[in-house]
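> There's a structure below that I have some questions on.
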Amino acid sequence: MSPDDEATPLRIVVVDDHPIWRSALIRDLEAAQLVVVGEADTVAKAINVVQATRPDVVLLDLQLSDGSGVEVARAIGESTHVLVLSASGEADDVLAAVKAGATGYLTKSASAAELLDAVRRTSRGEAVFTPALAGLMLGEYRRLANHKEEKRPLLTERETEVLRLVAKGLTSKQIANRLVVSHRTVENHVQATLRKLQLHNRVELARYAMTQGFDDAAE
């Protein structure tokens with residue numbers, strides 16, 4: 001199922017260790033015509049449910065009874081999109097989640113409308129953060145970028161071109177079409193760039209590219 005197909009409801013897994021909160025989330029999601037295909041309250045259960053159901057989005061709390069939601073995000077990898085919904089807005093928690101592969105991060109103070117919008121945007125691969133958290137992320141990446149400025153390895157011309165398009169929000173498929181190369185070639189360039197810049201995933205890469213002005217580069 002493609003998240004872009006509006007006729008097909010998004011499939012969601014909800015991971016939270018508070019039964020009442022989890023039930024309330026499921027009611028809100030189902031009331032919006034989304035399909036909850038699984039739920040879990042522990043790291044182990046969450047990983048098993050996600051692997052079994054292959055949802056479009058995992059709605060993930062960080063505080064679980066047997067560990068951290070960061071472990072879930074790391075185990076899932078890029079097999080599905082992860083939206084963290086946590087009571088914590090601390091910088092360390094946000095950065096840990098993003099480094100583990102989370103696509104977005106909301107605090108539990110978000111409204112139902114904000115949550116539903118974030119779920120839909122996350123399903124499309126967008127990096128979703130509240131304004132305060134987005135500012136925190138950009139500030140941290142600027143700090144890290146400045147810290148690494150002198151040590152930063154040179155990218156090839158093609159890697160730089162791919163990075164510019166990543167910063168503009170294009171998917172690997174769209175970049176491949178734009179550059180008239182294969183999807184695999186684009187992914188190889190992305191992985192090489194991640195290694196050179198010592199980043200962990202495409203969300204970090206996009207944030208890095210934006211803070212460095214790649215999204216403002218001329219076409």
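In the structure tokens, chains take the letters A, B, ... in the order shown, each chain's residues start at 1, and ligands count up from 1 in the order shown.
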I'd like the contact shell of region 93-100 of chain A - 8 Å cut-off, only C-alpha atoms, skipping same-chain residues fewer than 2 positions apart - returned as a list in words.
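Here the qualifying residues turn out to be Gly69, Val70, Glu71, Ala73, Arg74, Gly77, Val84, Ser88, Gly89, Glu90, Ala91, Ala102, Thr103, Gly104, Tyr105, Leu133, Met137, His200, Asn201, Val203 and Glu204 of chain A.
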> If we count only C-alpha atoms and set the cut-off at 10 Å, which residues sit around Gly67 (chain A), ignoring sequence neighbours fewer than 5 positions away in its own chain? Please answer as number ranges by chain.
A: 42-44, 62, 72
> Deliver the residues from the most recent selection as a file, using C-alpha atoms, as a PDB file, in the first residue's frame.

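result_24.pdb, freshly written:
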ATOM      1  CA  THR A  42       7.249  -3.220  25.364  1.00  0.00           C
ATOM      2  CA  VAL A  43      10.315  -3.034  23.148  1.00  0.00           C
ATOM      3  CA  ALA A  44      10.213  -6.749  22.362  1.00  0.00           C
ATOM      4  CA  LEU A  62      10.124   6.524  24.220  1.00  0.00           C
ATOM      5  CA  VAL A  72      12.537  -0.019  18.682  1.00  0.00           C
TER       6      VAL A  72
END
> Of the candidates A:Thr193, A:Gln63, A:Thr122, A:Ser109, which shows the shortest atom-to-atom distance to Leu83 (chain A), using only C-alpha atoms?
A:Thr122
> Quick one: residues within 10 Å of region 168-174 of chain A, only C-alpha atoms, excluding same-chain residues fewer than 6 positions away - as a list of chain:residue names?
A:Arg124, A:Gly125, A:Glu126, A:Ala127, A:Val162, A:Val180, A:Val181, A:Ser182, A:His183, A:Arg184, A:Thr185, A:Val186, A:Glu187, A:Val190, A:Arg202, A:Ala206, A:Ala209, A:Met210, A:Phe214, A:Asp215, A:Asp216, A:Ala217
> Using only C-alpha atoms, please write the residues we just selected to a file, as a CSV table (one decimal), in the first residue's frame.

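Below is the file that was written, part_23.csv:
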chain,number,residue,atom,x,y,z
A,124,ARG,CA,5.1,10.4,3.2
A,125,GLY,CA,8.6,10.4,4.6
A,126,GLU,CA,8.5,14.0,5.7
A,127,ALA,CA,10.5,15.1,8.7
A,162,VAL,CA,22.4,14.4,-4.7
A,180,VAL,CA,18.7,10.2,-15.2
A,181,VAL,CA,20.4,7.5,-13.2
A,182,SER,CA,19.2,4.3,-11.4
A,183,HIS,CA,17.6,4.3,-8.0
A,184,ARG,CA,20.5,2.1,-6.8
A,185,THR,CA,23.1,4.6,-8.0
A,186,VAL,CA,21.3,7.4,-5.9
A,187,GLU,CA,21.2,5.1,-2.8
A,190,VAL,CA,23.5,8.7,-0.3
A,202,ARG,CA,18.3,10.4,5.6
A,206,ALA,CA,18.3,16.4,5.1
A,209,ALA,CA,21.9,19.8,4.0
A,210,MET,CA,19.4,22.5,5.0
A,214,PHE,CA,22.1,23.1,0.0
A,215,ASP,CA,18.4,23.7,-0.4
A,216,ASP,CA,19.1,27.3,-1.5
A,217,ALA,CA,21.5,26.2,-4.2
> Using only C-alpha atoms for the distances, tell me which of A:Ala112, A:Leu59, A:Leu85, A:Val50 is nearest to Ala31 (chain A).
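Result for the nearest residue to Ala31 (chain A): A:Ala112.
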> Could you name the residues that touch Leu155 (chain A) at 12 Å or less, counting only C-alpha atoms, but leaving out those on the same chain fewer than 2 positions away, as a PyMOL selection string?
chain A and resi 152-153+157-164+189-190+192-197
> Save out the residues we just selected, N, CA and C atoms, as a PDB file, in the first residue's frame.

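Written file, again_34.pdb:
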ATOM      1  N   ARG A 152      35.584  18.209   7.794  1.00  0.00           N
ATOM      2  CA  ARG A 152      34.604  17.657   6.875  1.00  0.00           C
ATOM      3  C   ARG A 152      35.266  17.155   5.591  1.00  0.00           C
ATOM      4  N   PRO A 153      35.035  15.915   5.211  1.00  0.00           N
ATOM      5  CA  PRO A 153      35.608  15.379   3.978  1.00  0.00           C
ATOM      6  C   PRO A 153      34.948  15.995   2.752  1.00  0.00           C
ATOM      7  N   GLU A 157      31.379  15.696  -6.923  1.00  0.00           N
ATOM      8  CA  GLU A 157      30.395  16.570  -7.563  1.00  0.00           C
ATOM      9  C   GLU A 157      29.019  15.923  -7.578  1.00  0.00           C
ATOM     10  N   ARG A 158      28.969  14.616  -7.851  1.00  0.00           N
ATOM     11  CA  ARG A 158      27.687  13.921  -7.919  1.00  0.00           C
ATOM     12  C   ARG A 158      27.070  13.792  -6.526  1.00  0.00           C
ATOM     13  N   GLU A 159      27.900  13.495  -5.508  1.00  0.00           N
ATOM     14  CA  GLU A 159      27.389  13.404  -4.145  1.00  0.00           C
ATOM     15  C   GLU A 159      26.804  14.742  -3.690  1.00  0.00           C
ATOM     16  N   THR A 160      27.468  15.825  -4.068  1.00  0.00           N
ATOM     17  CA  THR A 160      26.971  17.158  -3.727  1.00  0.00           C
ATOM     18  C   THR A 160      25.643  17.431  -4.421  1.00  0.00           C
ATOM     19  N   GLU A 161      25.534  16.996  -5.661  1.00  0.00           N
ATOM     20  CA  GLU A 161      24.299  17.198  -6.419  1.00  0.00           C
ATOM     21  C   GLU A 161      23.144  16.418  -5.793  1.00  0.00           C
ATOM     22  N   VAL A 162      23.420  15.182  -5.393  1.00  0.00           N
ATOM     23  CA  VAL A 162      22.395  14.366  -4.737  1.00  0.00           C
ATOM     24  C   VAL A 162      22.003  14.998  -3.403  1.00  0.00           C
ATOM     25  N   LEU A 163      22.987  15.480  -2.649  1.00  0.00           N
ATOM     26  CA  LEU A 163      22.719  16.102  -1.358  1.00  0.00           C
ATOM     27  C   LEU A 163      21.833  17.337  -1.523  1.00  0.00           C
ATOM     28  N   ARG A 164      22.058  18.117  -2.548  1.00  0.00           N
ATOM     29  CA  ARG A 164      21.248  19.300  -2.817  1.00  0.00           C
ATOM     30  C   ARG A 164      19.789  18.917  -3.058  1.00  0.00           C
ATOM     31  N   HIS A 189      25.147   6.789  -3.602  1.00  0.00           N
ATOM     32  CA  HIS A 189      25.674   8.123  -3.317  1.00  0.00           C
ATOM     33  C   HIS A 189      25.229   8.602  -1.936  1.00  0.00           C
ATOM     34  N   VAL A 190      23.973   8.320  -1.584  1.00  0.00           N
ATOM     35  CA  VAL A 190      23.455   8.716  -0.273  1.00  0.00           C
ATOM     36  C   VAL A 190      24.236   8.016   0.832  1.00  0.00           C
ATOM     37  N   ALA A 192      27.246   6.739   0.706  1.00  0.00           N
ATOM     38  CA  ALA A 192      28.627   7.231   0.730  1.00  0.00           C
ATOM     39  C   ALA A 192      28.701   8.576   1.444  1.00  0.00           C
ATOM     40  N   THR A 193      27.706   9.432   1.183  1.00  0.00           N
ATOM     41  CA  THR A 193      27.674  10.745   1.814  1.00  0.00           C
ATOM     42  C   THR A 193      27.434  10.636   3.312  1.00  0.00           C
ATOM     43  N   LEU A 194      26.536   9.728   3.715  1.00  0.00           N
ATOM     44  CA  LEU A 194      26.299   9.504   5.137  1.00  0.00           C
ATOM     45  C   LEU A 194      27.586   9.090   5.847  1.00  0.00           C
ATOM     46  N   ARG A 195      28.339   8.181   5.217  1.00  0.00           N
ATOM     47  CA  ARG A 195      29.603   7.727   5.825  1.00  0.00           C
ATOM     48  C   ARG A 195      30.593   8.880   5.951  1.00  0.00           C
ATOM     49  N   LYS A 196      30.724   9.665   4.897  1.00  0.00           N
ATOM     50  CA  LYS A 196      31.701  10.762   4.904  1.00  0.00           C
ATOM     51  C   LYS A 196      31.358  11.821   5.952  1.00  0.00           C
ATOM     52  N   LEU A 197      30.076  12.085   6.111  1.00  0.00           N
ATOM     53  CA  LEU A 197      29.641  13.133   7.038  1.00  0.00           C
ATOM     54  C   LEU A 197      29.373  12.601   8.442  1.00  0.00           C
TER      55      LEU A 197
END
> List every residue of region 12-206 of chain A that DSSP, applied to the backbone of this structure, assigns to helix (DSSP H, G or I), and report them as a PyMOL selection string.
chain A and resi 19-31+43-53+69-76+91-100+112-123+131-151+157-167+172-179+183-197+202-206
> Any chance you can output those residues with C-alpha atoms as a CSV table (one decimal), in the first residue's frame?

chain,number,residue,atom,x,y,z
A,19,PRO,CA,-3.1,1.3,28.4
A,20,ILE,CA,-5.5,4.2,28.8
A,21,TRP,CA,-3.3,6.6,26.7
A,22,ARG,CA,-2.8,3.9,24.1
A,23,SER,CA,-6.5,3.2,23.9
A,24,ALA,CA,-7.3,6.9,23.5
A,25,LEU,CA,-4.7,7.2,20.6
A,26,ILE,CA,-6.3,4.2,18.9
A,27,ARG,CA,-9.7,5.7,19.1
A,28,ASP,CA,-8.5,9.0,17.6
A,29,LEU,CA,-6.7,7.2,14.8
A,30,GLU,CA,-9.7,5.0,14.0
A,31,ALA,CA,-12.1,7.9,14.1
A,43,VAL,CA,10.3,-3.0,23.1
A,44,ALA,CA,10.2,-6.7,22.4
A,45,LYS,CA,6.5,-6.8,21.5
A,46,ALA,CA,6.8,-3.6,19.4
A,47,ILE,CA,9.6,-5.1,17.2
A,48,ASN,CA,7.6,-8.3,16.7
A,49,VAL,CA,4.4,-6.5,15.9
A,50,VAL,CA,6.1,-4.2,13.4
A,51,GLN,CA,7.9,-7.1,11.7
A,52,ALA,CA,4.6,-9.0,11.5
A,53,THR,CA,2.4,-6.2,10.2
A,69,GLY,CA,11.6,3.3,22.2
A,70,VAL,CA,14.9,4.3,20.7
A,71,GLU,CA,15.7,0.6,20.7
A,72,VAL,CA,12.5,0.0,18.7
A,73,ALA,CA,13.4,2.7,16.2
A,74,ARG,CA,16.9,1.3,15.8
A,75,ALA,CA,15.6,-2.2,15.3
A,76,ILE,CA,13.0,-1.2,12.7
A,91,ALA,CA,17.2,17.7,23.4
A,92,ASP,CA,19.0,14.5,24.2
A,93,ASP,CA,15.8,12.5,23.7
A,94,VAL,CA,14.9,14.1,20.4
A,95,LEU,CA,18.4,13.7,19.0
A,96,ALA,CA,18.6,10.1,20.2
A,97,ALA,CA,15.3,9.3,18.5
A,98,VAL,CA,16.4,10.9,15.2
A,99,LYS,CA,19.8,9.2,15.2
A,100,ALA,CA,17.9,5.9,15.7
A,112,ALA,CA,-5.4,15.4,18.0
A,113,ALA,CA,-5.5,17.4,14.8
A,114,GLU,CA,-1.7,18.0,15.0
A,115,LEU,CA,-1.1,14.3,15.7
A,116,LEU,CA,-3.2,13.2,12.7
A,117,ASP,CA,-1.5,15.7,10.4
A,118,ALA,CA,1.9,14.5,11.6
A,119,VAL,CA,1.0,10.8,11.1
A,120,ARG,CA,0.0,11.5,7.5
A,121,ARG,CA,3.1,13.6,6.8
A,122,THR,CA,5.3,11.0,8.4
A,123,SER,CA,3.8,8.3,6.1
A,131,PRO,CA,8.3,24.5,15.8
A,132,ALA,CA,10.1,24.4,19.1
A,133,LEU,CA,11.6,21.0,18.4
A,134,ALA,CA,12.5,22.0,14.8
A,135,GLY,CA,14.4,24.9,16.2
A,136,LEU,CA,16.2,22.7,18.6
A,137,MET,CA,17.1,20.3,15.9
A,138,LEU,CA,18.4,23.0,13.5
A,139,GLY,CA,20.4,24.6,16.4
A,140,GLU,CA,22.0,21.3,17.2
A,141,TYR,CA,22.9,20.5,13.7
A,142,ARG,CA,24.4,23.9,13.1
A,143,ARG,CA,26.5,23.3,16.2
A,144,LEU,CA,27.7,19.9,15.0
A,145,ALA,CA,28.3,21.2,11.5
A,146,ASN,CA,30.4,24.1,12.8
A,147,HIS,CA,32.3,21.7,15.1
A,148,LYS,CA,33.1,19.4,12.1
A,149,GLU,CA,33.8,22.2,9.6
A,150,GLU,CA,37.6,21.8,9.5
A,151,LYS,CA,37.4,18.0,9.4
A,157,GLU,CA,30.4,16.6,-7.6
A,158,ARG,CA,27.7,13.9,-7.9
A,159,GLU,CA,27.4,13.4,-4.1
A,160,THR,CA,27.0,17.2,-3.7
A,161,GLU,CA,24.3,17.2,-6.4
A,162,VAL,CA,22.4,14.4,-4.7
A,163,LEU,CA,22.7,16.1,-1.4
A,164,ARG,CA,21.2,19.3,-2.8
A,165,LEU,CA,18.2,17.4,-4.1
A,166,VAL,CA,17.8,15.6,-0.7
A,167,ALA,CA,17.7,19.0,0.9
A,172,SER,CA,15.6,8.7,-4.1
A,173,LYS,CA,13.3,7.8,-7.0
A,174,GLN,CA,12.7,11.4,-7.8
A,175,ILE,CA,16.4,12.2,-7.7
A,176,ALA,CA,17.1,9.2,-9.9
A,177,ASN,CA,14.6,10.5,-12.5
A,178,ARG,CA,16.0,14.1,-12.2
A,179,LEU,CA,19.6,12.9,-12.7
A,183,HIS,CA,17.6,4.3,-8.0
A,184,ARG,CA,20.5,2.1,-6.8
A,185,THR,CA,23.1,4.6,-8.0
A,186,VAL,CA,21.3,7.4,-5.9
A,187,GLU,CA,21.2,5.1,-2.8
A,188,ASN,CA,24.9,4.4,-3.2
A,189,HIS,CA,25.7,8.1,-3.3
A,190,VAL,CA,23.5,8.7,-0.3
A,191,GLN,CA,25.2,6.0,1.7
A,192,ALA,CA,28.6,7.2,0.7
A,193,THR,CA,27.7,10.7,1.8
A,194,LEU,CA,26.3,9.5,5.1
A,195,ARG,CA,29.6,7.7,5.8
A,196,LYS,CA,31.7,10.8,4.9
A,197,LEU,CA,29.6,13.1,7.0
A,202,ARG,CA,18.3,10.4,5.6
A,203,VAL,CA,16.6,12.6,8.2
A,204,GLU,CA,19.9,13.7,9.6
A,205,LEU,CA,21.2,14.1,6.1
A,206,ALA,CA,18.3,16.4,5.1
